[in-house]
Structures are given as structure tokens and as C-alpha cells.
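Coordinates from target_34.cif are shown below (mmCIF, C-alpha atoms and all ligand atoms).
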data_final
#
loop_
_atom_site.label_atom_id
_atom_site.label_comp_id
_atom_site.auth_asym_id
_atom_site.auth_seq_id
_atom_site.Cartn_x
_atom_site.Cartn_y
_atom_site.Cartn_z
CA MET J 1 -20.27 14.22 0.84
CA VAL J 2 -22.03 15.70 -2.18
CA GLY J 3 -23.77 12.61 -3.56
CA ASP J 4 -21.42 9.68 -2.90
CA GLY J 5 -18.60 10.88 -5.18
CA PHE J 6 -17.45 14.24 -3.89
CA ARG J 7 -15.97 14.60 -0.40
CA VAL J 8 -15.77 18.35 -0.10
CA SER J 9 -14.96 21.13 2.30
CA ASN J 10 -17.15 24.16 1.78
CA PHE J 11 -15.12 27.37 2.03
CA PHE J 12 -18.04 29.68 1.32
CA PRO J 13 -20.83 30.76 1.69
CA SER J 14 -20.83 28.77 4.97
CA GLY J 15 -17.72 28.28 7.12
CA TYR J 16 -16.68 31.81 7.95
CA ASN J 17 -19.84 33.03 6.20
CA MET J 18 -17.79 35.68 4.46
CA ALA J 19 -20.05 38.39 3.09
CA GLN J 20 -20.77 38.57 -0.62
CA ASP J 21 -19.24 42.06 -0.75
CA ARG J 22 -15.88 40.31 -0.34
CA LEU J 23 -16.55 37.42 -2.75
CA SER J 24 -19.16 38.35 -5.38
CA PRO J 25 -19.46 37.24 -8.21
CA PHE J 26 -18.25 33.99 -6.62
CA PHE J 27 -21.06 32.50 -4.53
CA MET J 28 -19.86 29.08 -3.42
CA LEU J 29 -16.65 27.07 -3.36
CA ASP J 30 -16.55 23.35 -2.60
CA TYR J 31 -13.11 21.79 -2.46
CA ASN J 32 -12.48 18.04 -2.73
CA THR J 33 -8.95 17.57 -1.34
CA PRO J 34 -7.18 14.47 -2.76
CA VAL J 35 -9.11 11.30 -1.84
CA ASP J 36 -8.17 7.78 -2.94
CA PHE J 37 -11.37 6.08 -4.15
CA SER J 38 -11.51 2.28 -4.36
CA PRO J 39 -12.45 0.72 -7.74
CA ARG J 40 -16.17 0.44 -8.38
CA GLU J 41 -18.22 -0.65 -11.38
CA HIS J 42 -21.12 1.77 -10.77
CA PRO J 43 -19.62 5.29 -10.75
CA ARG J 44 -19.99 7.45 -7.66
CA GLY J 45 -21.47 10.90 -8.08
CA VAL J 46 -24.51 13.14 -7.82
CA GLY J 47 -27.78 12.19 -9.54
CA VAL J 48 -30.07 14.41 -11.58
CA HIS J 49 -30.64 17.85 -10.02
CA PRO J 50 -31.58 21.34 -11.28
CA HIS J 51 -29.70 24.66 -11.36
CA ARG J 52 -30.82 28.17 -12.38
CA GLY J 53 -29.34 31.66 -12.25
CA PHE J 54 -25.62 30.93 -12.05
CA GLU J 55 -22.70 28.87 -13.39
CA THR J 56 -21.03 25.75 -12.02
CA VAL J 57 -17.31 25.75 -12.76
CA THR J 58 -15.49 22.49 -12.06
CA PHE J 59 -11.69 22.34 -11.87
CA ALA J 60 -10.21 18.83 -12.13
CA PHE J 61 -6.78 18.37 -10.58
CA LYS J 62 -6.75 14.54 -10.37
CA GLY J 63 -9.28 11.96 -11.55
CA LYS J 64 -12.01 12.36 -14.14
CA VAL J 65 -15.56 13.67 -13.87
CA ALA J 66 -18.39 13.17 -16.35
CA HIS J 67 -21.34 15.51 -16.89
CA HIS J 68 -24.70 15.19 -18.67
CA ASP J 69 -27.40 17.84 -18.80
CA SER J 70 -30.93 18.37 -20.11
CA ALA J 71 -29.71 20.95 -22.65
CA GLY J 72 -28.06 18.02 -24.45
CA HIS J 73 -24.49 18.77 -23.35
CA SER J 74 -22.18 16.13 -22.00
CA GLY J 75 -18.47 15.72 -21.51
CA VAL J 76 -15.61 14.35 -19.46
CA ILE J 77 -12.93 16.47 -17.86
CA GLY J 78 -9.63 15.11 -16.60
CA GLU J 79 -6.43 16.28 -14.96
CA GLY J 80 -5.91 20.01 -15.48
CA ASP J 81 -9.21 20.54 -17.35
CA VAL J 82 -12.11 22.83 -16.48
CA GLN J 83 -15.83 22.53 -17.16
CA TRP J 84 -17.59 25.90 -17.22
CA MET J 85 -21.36 25.33 -17.28
CA THR J 86 -23.85 28.18 -17.48
CA ALA J 87 -27.10 26.92 -15.94
CA GLY J 88 -28.77 30.21 -16.93
CA SER J 89 -32.53 29.78 -17.31
CA GLY J 90 -32.27 26.21 -16.03
CA VAL J 91 -30.82 22.77 -16.57
CA LEU J 92 -31.08 19.39 -14.98
CA HIS J 93 -27.66 17.76 -14.77
CA LYS J 94 -25.78 14.88 -13.17
CA GLU J 95 -22.13 14.75 -12.19
CA TYR J 96 -20.28 11.45 -11.86
CA HIS J 97 -16.85 9.89 -11.73
CA GLU J 98 -16.01 8.89 -15.32
CA GLN J 99 -16.66 5.16 -15.96
CA GLU J 100 -13.05 4.01 -16.58
CA PHE J 101 -11.71 6.08 -13.68
CA SER J 102 -14.38 4.51 -11.47
CA ARG J 103 -13.43 0.96 -12.56
CA LYS J 104 -9.75 1.52 -11.83
CA GLY J 105 -10.18 3.74 -8.78
CA GLY J 106 -7.57 6.28 -7.78
CA VAL J 107 -6.95 9.74 -6.47
CA PHE J 108 -9.74 12.26 -7.02
CA HIS J 109 -9.02 15.97 -6.49
CA MET J 110 -11.42 18.70 -7.65
CA ALA J 111 -12.93 22.08 -6.89
CA GLN J 112 -16.37 23.34 -7.81
CA LEU J 113 -17.06 27.05 -7.92
CA TRP J 114 -20.50 28.66 -8.31
CA VAL J 115 -20.30 31.91 -10.24
CA ASN J 116 -23.31 34.19 -9.86
CA LEU J 117 -24.83 35.67 -13.01
CA PRO J 118 -25.75 39.36 -13.35
CA ALA J 119 -29.56 39.85 -13.19
CA LYS J 120 -29.71 40.67 -16.90
CA HIS J 121 -28.06 37.33 -17.76
CA LYS J 122 -29.72 34.96 -15.28
CA MET J 123 -32.16 33.64 -17.87
CA GLU J 124 -29.68 33.13 -20.71
CA ALA J 125 -29.87 29.79 -22.51
CA PRO J 126 -27.74 27.10 -20.85
CA ARG J 127 -24.14 26.88 -22.14
CA TYR J 128 -21.40 24.30 -21.70
CA GLN J 129 -17.72 25.12 -22.12
CA PRO J 130 -15.25 22.28 -21.75
CA ILE J 131 -11.84 23.94 -21.40
CA ALA J 132 -9.01 21.43 -21.78
CA ARG J 133 -5.68 22.16 -20.12
CA GLU J 134 -3.94 22.51 -23.49
CA GLU J 135 -6.52 25.08 -24.66
CA MET J 136 -5.72 27.46 -21.80
CA ALA J 137 -3.29 30.31 -22.37
CA HIS J 138 0.08 29.08 -21.11
CA VAL J 139 2.64 31.53 -19.74
CA GLN J 140 6.16 30.80 -18.50
CA LEU J 141 6.96 33.21 -15.68
CA PRO J 142 10.16 35.30 -15.54
CA ASP J 143 11.65 33.32 -12.61
CA GLY J 144 12.22 30.39 -15.01
CA LYS J 145 10.59 28.01 -12.49
CA SER J 146 6.93 28.92 -12.56
CA GLU J 147 4.08 28.91 -15.05
CA ALA J 148 0.44 29.90 -15.36
CA ARG J 149 -2.53 28.57 -17.27
CA ILE J 150 -5.17 31.21 -17.85
CA VAL J 151 -8.72 29.80 -17.95
CA ALA J 152 -10.65 33.07 -18.37
CA GLY J 153 -9.85 36.78 -18.43
CA GLU J 154 -6.37 38.24 -18.80
CA LEU J 155 -3.34 37.63 -16.60
CA PHE J 156 0.40 37.93 -17.31
CA GLY J 157 -0.59 39.57 -20.61
CA ALA J 158 -2.34 36.41 -21.84
CA LYS J 159 -6.05 35.88 -22.34
CA GLY J 160 -7.84 32.64 -21.40
CA PRO J 161 -10.45 31.01 -23.68
CA GLY J 162 -13.31 30.90 -21.13
CA LYS J 163 -16.34 33.09 -21.86
CA THR J 164 -17.89 34.78 -18.82
CA TRP J 165 -21.01 36.93 -18.27
CA SER J 166 -19.23 39.46 -16.06
CA PRO J 167 -15.53 40.39 -15.83
CA ILE J 168 -13.66 37.43 -14.28
CA ILE J 169 -10.05 36.26 -14.20
CA ALA J 170 -9.46 32.57 -13.47
CA ALA J 171 -6.06 30.91 -13.64
CA VAL J 172 -4.00 28.06 -12.25
CA VAL J 173 -0.56 29.28 -11.22
CA ARG J 174 2.18 26.71 -10.56
CA ILE J 175 5.08 28.14 -8.56
CA GLY J 176 8.23 26.04 -8.82
CA ALA J 177 10.38 25.26 -5.75
CA GLY J 178 12.11 28.50 -4.78
CA GLY J 179 10.10 30.34 -7.42
CA GLU J 180 7.86 33.36 -7.41
CA ALA J 181 4.90 34.87 -9.23
CA THR J 182 4.01 38.57 -9.31
CA PHE J 183 0.85 39.83 -10.96
CA ASN J 184 -1.73 42.58 -10.74
CA LEU J 185 -5.48 42.27 -10.18
CA PRO J 186 -7.89 45.22 -10.40
CA ALA J 187 -8.34 46.70 -6.90
CA SER J 188 -12.11 46.90 -7.47
CA TYR J 189 -12.34 43.12 -8.05
CA ASN J 190 -12.91 40.54 -5.32
CA SER J 191 -10.03 38.09 -5.32
CA THR J 192 -9.30 34.76 -3.69
CA ILE J 193 -6.67 32.04 -4.00
CA LEU J 194 -7.08 28.36 -3.15
CA LEU J 195 -3.85 26.52 -2.27
CA VAL J 196 -4.46 23.36 -4.28
CA GLU J 197 -1.04 21.85 -3.65
CA GLY J 198 1.90 22.87 -1.50
CA ALA J 199 2.33 25.94 0.69
CA ALA J 200 3.08 29.49 -0.40
CA ASN J 201 3.71 32.90 1.03
CA ILE J 202 1.33 35.46 -0.45
CA ASN J 203 1.93 39.18 0.10
CA GLY J 204 3.85 38.35 3.29
CA SER J 205 1.33 35.92 4.78
CA ASP J 206 1.86 32.17 5.03
CA ALA J 207 -0.73 30.23 3.04
CA PRO J 208 -0.67 26.49 3.88
CA ALA J 209 -1.85 23.73 1.54
CA ASP J 210 -5.65 23.36 1.20
CA HIS J 211 -6.26 26.84 2.62
CA LEU J 212 -8.16 29.72 1.04
CA VAL J 213 -6.74 33.24 0.89
CA ILE J 214 -9.25 36.09 0.59
CA PHE J 215 -7.80 39.45 -0.38
CA ARG J 216 -8.69 42.83 1.04
CA ASN J 217 -9.63 45.25 -1.72
CA ASP J 218 -6.74 47.58 -0.89
CA GLY J 219 -4.19 47.14 -3.64
CA GLU J 220 -3.41 45.54 -6.94
CA GLU J 221 -0.14 43.64 -6.68
CA VAL J 222 0.02 40.00 -5.67
CA HIS J 223 3.42 38.53 -4.89
CA ALA J 224 3.59 34.80 -4.18
CA THR J 225 6.62 32.68 -3.34
CA SER J 226 7.03 29.02 -2.42
CA ALA J 227 9.99 27.20 -0.89
CA ASN J 228 8.95 23.72 -2.06
CA GLY J 229 6.54 24.51 -4.89
CA ALA J 230 2.81 25.22 -4.85
CA THR J 231 -0.23 25.25 -7.13
CA LEU J 232 -2.66 28.15 -6.77
CA LEU J 233 -6.19 28.43 -8.11
CA MET J 234 -6.53 32.18 -8.62
CA LEU J 235 -10.04 33.69 -8.91
CA SER J 236 -10.80 37.37 -9.31
CA GLY J 237 -13.98 39.11 -10.46
CA GLU J 238 -15.90 42.35 -10.56
CA PRO J 239 -18.56 42.34 -7.78
CA LEU J 240 -22.16 42.24 -9.03
CA ASN J 241 -23.65 44.41 -6.25
CA GLU J 242 -27.15 43.00 -6.80
CA PRO J 243 -29.64 41.49 -4.32
CA ILE J 244 -29.28 37.75 -3.70
CA ALA J 245 -32.06 35.25 -3.13
CA ALA J 246 -30.57 31.77 -2.82
CA TYR J 247 -32.13 28.43 -2.03
CA GLY J 248 -30.60 25.01 -2.73
CA PRO J 249 -29.76 24.79 -6.44
CA PHE J 250 -31.18 28.22 -7.37
CA LEU J 251 -29.46 31.60 -7.20
CA MET J 252 -31.74 34.51 -8.06
CA ASN J 253 -32.34 38.15 -7.09
CA THR J 254 -35.79 37.90 -5.45
CA HIS J 255 -37.84 35.45 -3.41
CA GLU J 256 -40.51 35.48 -6.14
CA GLU J 257 -37.91 34.32 -8.70
CA LEU J 258 -36.99 31.41 -6.39
CA GLN J 259 -40.65 30.37 -6.15
CA GLN J 260 -40.92 30.62 -9.94
CA ALA J 261 -37.86 28.32 -10.28
CA PHE J 262 -39.55 25.65 -8.12
CA ARG J 263 -42.76 25.96 -10.17
CA ASP J 264 -40.83 25.73 -13.45
CA VAL J 265 -38.98 22.57 -12.36
CA ALA J 266 -42.29 20.99 -11.30
CA ALA J 267 -43.82 21.99 -14.65
CA GLY J 268 -41.00 20.26 -16.55
CA LYS J 269 -39.55 23.50 -17.96
CA PHE J 270 -35.97 22.43 -17.14
CA GLY J 271 -36.24 19.59 -19.66
CA VAL J 272 -35.73 15.89 -19.18
CA LEU J 273 -32.69 13.90 -18.12
CA GLU J 274 -32.58 10.14 -17.44
CA ASP J 275 -31.07 9.13 -14.10
MN MN C 301 -24.71 20.44 -9.92
#

Would you write the structure of this file as C-alpha cells?
Ligand code: MN
Amino acid sequence: MVGDGFRVSNFFPSGYNMAQDRLSPFFMLDYNTPVDFSPREHPRGVGVHPHRGFETVTFAFKGKVAHHDSAGHSGVIGEGDVQWMTAGSGVLHKEYHEQEFSRKGGVFHMAQLWVNLPAKHKMEAPRYQPIAREEMAHVQLPDGKSEARIVAGELFGAKGPGKTWSPIIAAVVRIGAGGEATFNLPASYNSTILLVEGAANINGSDAPADHLVIFRNDGEEVHATSANGATLLMLSGEPLNEPIAAYGPFLMNTHEELQQAFRDVAAGKFGVLED
């Protein structure tokens, strides 16, 4: 559990402990497979905590999550929406089940990705991008059964609305039953696909539901098929190739920068947020 509201499996950096040279700029992926939460008046979630040096990107598949931060941003994302938060120089934030969702209870299904920031952008001012499902670029695929929603970067000739600090492509691809999706990703990018729903076959390998596919950097074409239909969270990005110093909620380049982050939180430089 992360707090009492997010029952997640951590695909990386722990688990197989896959090296950053295969996953950078993506640093962490927590996946909350569908869980049916009972109704509760006081919303479950994670209380006030800091972040610096990276972005938290939350993908909502079912249920609703609310966010408040010390930079004055707040918002609620629901089914199909994405919240792209740049912690940058530092925020305090809290992440909870949205009040009405909590009262009614129901199925909660989310993923949270941590995107590392290039050294030159680690201390940017915090930024909050709510990206609603209908704001994403929507592409019907040639098979007549499948579709894609582009969150950031360009895929299938369409560009997503999300702003990023390094080249990243993020999209949700829905393959219809008996359908297929073929697309190209730069060979120099690190690429990974989370099977959010259903099973697929990707470049000849079976990819079961709730599994993560990590690509070798040896080609550009991705060909995915699904007998019964599948939803893929597709992430691809240019590696940063910079030193990493990580501890808890901070992701920096040097140990000294980590120590500075702790001092700055203690000195109140991340602002104020009520619990
Ligand atoms: Mn957080």
C-alpha cells in the first residue's frame, strides 16, 4: 500500500531492478491493478509529502483521484484522464480518492509513473497539467477496431497536448478484439508497455494482462495484436544519460543535492500545505 488508498505493484526500479539505461527517463512505475474499495466517508490516500527533481504522472483508468499541492494547484482526474505534475524545485502534495468516489466506493485502477528531469530542468518552478481524456489527440487505427489517445509526443501522426522537459511519447492504445496496432518508436528511445487490460501479442511475444513489456533498443517497429481486446499504456522517451542520486521522494544528480533537498524541506522552502 502507498498510504491507505493505493494498492500497487512496483515494476521498477525494484522488482527486476532493471537498469536505468533501459528505462531512463522513466524512473519508477507503480501500478494499482483494479481493486474494489468499500464506501468510506474519509477518503483513502497519501498525506502531505514532498517531491523534487522529477515529475509524477498519474494515469486514471477507473475511479477518481484528487490532488492538492503547495504551489496552489489542485484537481481531480477520473476515468481516462492523466495528471502530469512537475515537482521541479519542490512541492508538498497529497493524493487522495476523490470525496464522492470515496463515499460510493467502487473499482479503483491507476498507474503512477515518475519521469526524471534533465539536470538543467530539475529546479524549474512546479507545474500542474491536468490532461482530460477528451483533450488527448484521438486516432482511429486502420484496422477499424482499434484507437489511440496520445497524451504527449507524437504517435500515429498525431501530437498529444502534454508538455514534457525531454522528448517523451505517452499514449493509451486500445486494440479491439481481433485488431492490431502498428507504430514506430525511435530506436534510440527507451520504450515500455504496460498491459492495463486484456492480453496482447507484441512483436511476436505474448504479453498477458497486468504485465510490463520492456523493449530492446534494436528496432523501431512495434506490432501489437489482441484476440479478445487489450488496452496498452505505451511509454517511450529519450534516455537522459545523467548521474542519478535518489532517496525517497527526491530524484537528483548528486548526493549533495539530496542533502540540500532535505535541508530545504526542513527550512520550509517547499511551501505549506494543510493535511
Ligand atoms: Mn506523491

Expected selection as a PDB file with C-alpha atoms, keeping the file's coordinate frame for ligand MN 301 (chain C) within 9 Å, all atoms listed in the file:
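Heads up, here's the output in selection18.pdb:
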ATOM      1  CA  VAL J  46     -24.510  13.140  -7.820  1.00  0.00           C
ATOM      2  CA  GLY J  47     -27.780  12.190  -9.540  1.00  0.00           C
ATOM      3  CA  VAL J  48     -30.070  14.410 -11.580  1.00  0.00           C
ATOM      4  CA  HIS J  49     -30.640  17.850 -10.020  1.00  0.00           C
ATOM      5  CA  PRO J  50     -31.580  21.340 -11.280  1.00  0.00           C
ATOM      6  CA  HIS J  51     -29.700  24.660 -11.360  1.00  0.00           C
ATOM      7  CA  THR J  56     -21.030  25.750 -12.020  1.00  0.00           C
ATOM      8  CA  LEU J  92     -31.080  19.390 -14.980  1.00  0.00           C
ATOM      9  CA  HIS J  93     -27.660  17.760 -14.770  1.00  0.00           C
ATOM     10  CA  LYS J  94     -25.780  14.880 -13.170  1.00  0.00           C
ATOM     11  CA  GLU J  95     -22.130  14.750 -12.190  1.00  0.00           C
ATOM     12  CA  PRO J 249     -29.760  24.790  -6.440  1.00  0.00           C
TER      13      PRO J 249
END

* Name the residues within 6 Å of (-18.9, 31.0, 0.0), counting all atoms listed in the file in the file's coordinates, and put them as a ChimeraX atom specification. => /J:11-14,27-29

* Residues at most 10 Å from range 103-112 of chain J, counting only C-alpha atoms, excluding those fewer than 2 positions away in the same chain, as JSON, numbers by chain? -> {"J": [5, 6, 7, 8, 9, 10, 28, 29, 30, 31, 32, 33, 34, 35, 36, 37, 38, 39, 40, 41, 42, 43, 56, 57, 58, 59, 60, 61, 62, 63, 64, 65, 78, 79, 80, 82, 83, 84, 97, 98, 99, 100, 101, 114, 115, 194, 196, 233]}

* Rounded to one decimal place, report the CA of Asn201 in chain J-CA of Asn228 in chain J distance in Å. =>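 A separation of 11.0 Å between them.
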
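With distances taken over all atoms listed in the file, J:Met234 is the one residue among J:Val222, J:Ala87, J:Arg127, J:Met234 lying closest to Arg149 in chain J.
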
N, CA and C atoms for range 140-165 of chain J, written as a compact mmCIF listing (two decimals), in the coordinates of the input, could you do that?
# COMPACT_ATOMS: atom_id res chain seq x y z
N GLN J 140 4.99 31.09 -19.35
CA GLN J 140 6.16 30.80 -18.50
C GLN J 140 6.51 32.08 -17.76
N LEU J 141 6.70 32.00 -16.45
CA LEU J 141 6.96 33.21 -15.68
C LEU J 141 8.45 33.54 -15.66
N PRO J 142 8.77 34.83 -15.41
CA PRO J 142 10.16 35.30 -15.54
C PRO J 142 11.16 34.60 -14.62
N ASP J 143 10.70 33.97 -13.53
CA ASP J 143 11.65 33.32 -12.61
C ASP J 143 12.24 32.04 -13.22
N GLY J 144 11.70 31.60 -14.37
CA GLY J 144 12.22 30.39 -15.01
C GLY J 144 11.79 29.10 -14.33
N LYS J 145 11.01 29.20 -13.24
CA LYS J 145 10.59 28.01 -12.49
C LYS J 145 9.09 27.84 -12.44
N SER J 146 8.38 28.90 -12.79
CA SER J 146 6.93 28.92 -12.56
C SER J 146 6.18 29.13 -13.87
N GLU J 147 4.90 28.78 -13.84
CA GLU J 147 4.08 28.91 -15.05
C GLU J 147 2.63 29.15 -14.65
N ALA J 148 1.86 29.66 -15.61
CA ALA J 148 0.44 29.90 -15.36
C ALA J 148 -0.37 29.41 -16.54
N ARG J 149 -1.55 28.89 -16.23
CA ARG J 149 -2.53 28.57 -17.27
C ARG J 149 -3.76 29.43 -17.01
N ILE J 150 -4.07 30.27 -18.01
CA ILE J 150 -5.17 31.21 -17.85
C ILE J 150 -6.44 30.56 -18.42
N VAL J 151 -7.45 30.42 -17.56
CA VAL J 151 -8.72 29.80 -17.95
C VAL J 151 -9.65 30.84 -18.56
N ALA J 152 -9.75 32.00 -17.91
CA ALA J 152 -10.65 33.07 -18.37
C ALA J 152 -10.05 34.41 -17.97
N GLY J 153 -10.37 35.45 -18.73
CA GLY J 153 -9.85 36.78 -18.43
C GLY J 153 -8.38 36.87 -18.79
N GLU J 154 -7.76 37.99 -18.40
CA GLU J 154 -6.37 38.24 -18.80
C GLU J 154 -5.46 38.32 -17.58
N LEU J 155 -4.34 37.62 -17.66
CA LEU J 155 -3.34 37.63 -16.60
C LEU J 155 -1.98 37.40 -17.24
N PHE J 156 -0.95 38.03 -16.74
CA PHE J 156 0.40 37.93 -17.31
C PHE J 156 0.38 38.28 -18.80
N GLY J 157 -0.52 39.16 -19.21
CA GLY J 157 -0.59 39.57 -20.61
C GLY J 157 -1.19 38.54 -21.55
N ALA J 158 -1.74 37.45 -20.99
CA ALA J 158 -2.34 36.41 -21.84
C ALA J 158 -3.82 36.27 -21.51
N LYS J 159 -4.61 35.94 -22.52
CA LYS J 159 -6.05 35.88 -22.34
C LYS J 159 -6.53 34.43 -22.42
N GLY J 160 -7.30 34.00 -21.42
CA GLY J 160 -7.84 32.64 -21.40
C GLY J 160 -9.04 32.50 -22.32
N PRO J 161 -9.37 31.26 -22.73
CA PRO J 161 -10.45 31.01 -23.68
C PRO J 161 -11.86 31.06 -23.08
N GLY J 162 -11.99 30.99 -21.75
CA GLY J 162 -13.31 30.90 -21.13
C GLY J 162 -14.14 32.16 -21.34
N LYS J 163 -15.41 31.96 -21.73
CA LYS J 163 -16.34 33.09 -21.86
C LYS J 163 -17.08 33.26 -20.54
N THR J 164 -17.20 34.50 -20.08
CA THR J 164 -17.89 34.78 -18.82
C THR J 164 -18.95 35.86 -19.06
N TRP J 165 -19.91 35.97 -18.13
CA TRP J 165 -21.01 36.93 -18.27
C TRP J 165 -20.75 38.22 -17.50
